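K.L.:
Have a look at the structure that comes next, please.
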Amino acid sequence: MALDLATLPTMDVAGRVPRLREALADAGCDGLLVTNLTNVRYLTGFTGSAALLLVTPDELVFVTDGRYRDQAALELGAGGVPAAIAVGRTSDEQRDHLQRPAKALRTIGLEAEDVTWAQQQRFADDWFPHADLVATGGVVEQLRQVKDAGEVARLEAACGIADDALATVRHRLTEGPTESEFALELEWEMRRAGAEAPSFDTIVASGPNGARPHHRAGTRRIEEGDLVVIDFGALVDGYHSDMTRTVMVGEPSATQARMYEVVQASQAAGVAAVRAGVTVKDVDEACRAVIREAGWEDLFIHGTGHGVGLDIHEAPRVSFSADATLADGHVVTVEPGVYLAEHGGVRIEDTVVVTPEGSRTLTRAPKGRDA
Ligand code: ZN
Ligand code: ZN
């Protein structure tokens, strides 16, 4: 039966802007102009494609265009977000709606990763000439790292849909489909179960293609002797799932069997290392140590994982080159892999919720090697 969103616990959308206000002083601004649409969605529940949100210490002004007048009222109302909603048909009208509340601000933060050079010049010269504009980075993204119960329930539902889809179509791997055909079957099953979409372009990488970590599904036919890396997910109410399983079609060579064994042990060590208070470097090292021990450190050519939520890749990054400490409510992936041109690739990925004692795994498809 298809997923019914109404059965999931609600999210605390209205609690997010107050938390953002507490973070503004550290970001060096009195107010923040939120232009990143994923961040707007997080703070207000708005799912449309055009919006600006001005957060000041005591006002919240949401500006969109005429297409979204009714939808904005409905979606912000559903989350109990106390914003003044203004509709501007042109860029000048939108500016006019923001200039009055912006007057009280000496410094206005912009989202530096999102605003273009041209926009920044327009904001500085035309929209907010009285204020100092401050480049901020990751202010809302920091808040987004910690998921509430409603968000975890959506991620869990998305992961469950992906688990079920793989269980339904996995046996088809032995019937000689092309990578694209198998990807389509997975996506079809996910949509049928209530996913809005796949959460990214499904990766089905068979045989030699498996040695490229982000190969997409192509025209190659899956055959005996292939390791098949399947990396995919479902989108539920804006939340992404992310899981990789590697399946052996036919009998593995000694090297393929060893690759599988090493990656499975590495991935288990990584998941076991996850808990609140641990650094992302420590989780990465737990995975990497097992692969190093096997003599294949050079073949693990990417970081261990990433946060997952409204974006498929979000903070915190789980890597030897990142600095972050895991906290209760973070949701991250653990996905080591080994890639050998002549033998293919093996990657295993789970999405887990960080808890004080360890973690809870949301992706539960079996990790057995055989098709
Ligand atoms: Zn993935
Ligand atoms: Zn991933």
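Chain labels A, B, ... are given in the sequence in which chains occur in the structure tokens; within each chain residues are numbered consecutively from 1, and ligands are likewise numbered from 1 in the order shown.
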Out of region 153-245 of chain A, which residues get helix (DSSP H, G or I) from DSSP, as a ChimeraX atom specification?
P.N.:
/A:153-175,179-192,207-211
K.L.:
For Asn36 (chain A), find every residue with an atom within 8 Å (counting only C-alpha atoms), except residues of its own chain fewer than 3 positions away, and show them as a tab-separated table (two decimals) with all heavy atoms, in the first residue's frame.
P.N.:
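Result file is selection.tsv:
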chain	number	residue	atom	x	y	z
A	39	ASN	N	16.57	26.01	2.38
A	39	ASN	CA	16.54	26.63	3.71
A	39	ASN	C	15.21	27.32	3.97
A	39	ASN	O	14.68	27.27	5.09
A	39	ASN	CB	17.70	27.61	3.87
A	39	ASN	CG	19.04	26.89	3.96
A	39	ASN	OD1	19.08	25.70	4.25
A	39	ASN	ND2	20.12	27.61	3.70
A	40	VAL	N	14.65	27.96	2.94
A	40	VAL	CA	13.32	28.57	3.08
A	40	VAL	C	12.30	27.48	3.43
A	40	VAL	O	11.46	27.65	4.32
A	40	VAL	CB	12.90	29.31	1.80
A	40	VAL	CG1	11.44	29.76	1.88
A	40	VAL	CG2	13.80	30.52	1.55
A	111	GLU	N	23.33	34.63	2.34
A	111	GLU	CA	23.85	33.26	2.27
A	111	GLU	C	24.88	33.20	1.14
A	111	GLU	O	24.53	33.09	-0.04
A	111	GLU	CB	22.71	32.28	2.03
A	111	GLU	CG	21.71	32.27	3.18
A	111	GLU	CD	20.63	31.22	2.98
A	111	GLU	OE1	19.81	31.38	2.06
A	111	GLU	OE2	20.62	30.23	3.74
A	114	ASP	N	24.90	30.84	-1.78
A	114	ASP	CA	23.70	30.81	-2.63
A	114	ASP	C	23.56	32.05	-3.51
A	114	ASP	O	23.04	31.97	-4.62
A	114	ASP	CB	22.46	30.67	-1.75
A	114	ASP	CG	21.19	30.46	-2.56
A	114	ASP	OD1	21.08	29.39	-3.18
A	114	ASP	OD2	20.34	31.37	-2.59
K.L.:
With only C-alpha atoms as the counted atoms, please give the residues lying no more than 8 Å from region 244-258 of chain A, apart from itself and same-chain residues fewer than 5 positions off, as a list of chain:residue names.
P.N.:
A:Leu173, A:Thr174, A:Glu223, A:Glu224, A:Gly225, A:Asp226, A:Leu227, A:Val228, A:Val229, A:Ile230, A:Asp231, A:Phe232, A:Glu335, A:His343, A:Gly344, A:Val346, A:Arg347, A:Ile348, A:Glu349, A:Asp350, A:Lys367, A:Gly368, A:Arg369, A:Asp370, A:Ala371
K.L.:
List all protein, DNA and RNA residues that have any atom at most 6 Å from ligand 2, counting only C-alpha atoms and all ligand atoms, and write the list as an MDAnalysis selection string.
P.N.:
chainID A and resid 242 305 333
K.L.:
Select from region 17-198 of chain A everything DSSP, run on the backbone, classes as strand (DSSP E or B), then give the selection as number ranges by chain.
P.N.:
A: 31-34, 52-55, 60-64, 84-87, 107-111, 132-136, 146, 178, 197-198
K.L.:
Please determine, counting only C-alpha atoms and all ligand atoms, which residue among A:Thr361, A:Thr90, A:Thr202, A:Ser321 has the shortest atom-to-atom distance to ligand 1.
P.N.:
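Once distances to ligand 1 are computed over only C-alpha atoms and all ligand atoms, the minimum belongs to A:Thr202.
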K.L.:
Can you work out which one of A:Ala272, A:Ile222, A:Ala195, A:Val17 has the shortest atom-to-atom distance to Ala183 (chain A), counting only C-alpha atoms?
P.N.:
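Of A:Ala272, A:Ile222, A:Ala195, A:Val17, the one nearest Ala183 (chain A), counting only C-alpha atoms, is A:Ile222.
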K.L.:
Rank nothing, just name the residue among A:Arg288, A:Arg216, A:Arg360, A:Arg275 nearest to ligand 1, using only C-alpha atoms and all ligand atoms.
P.N.:
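Comparing A:Arg288, A:Arg216, A:Arg360, A:Arg275 against ligand 1, the winner is A:Arg216.
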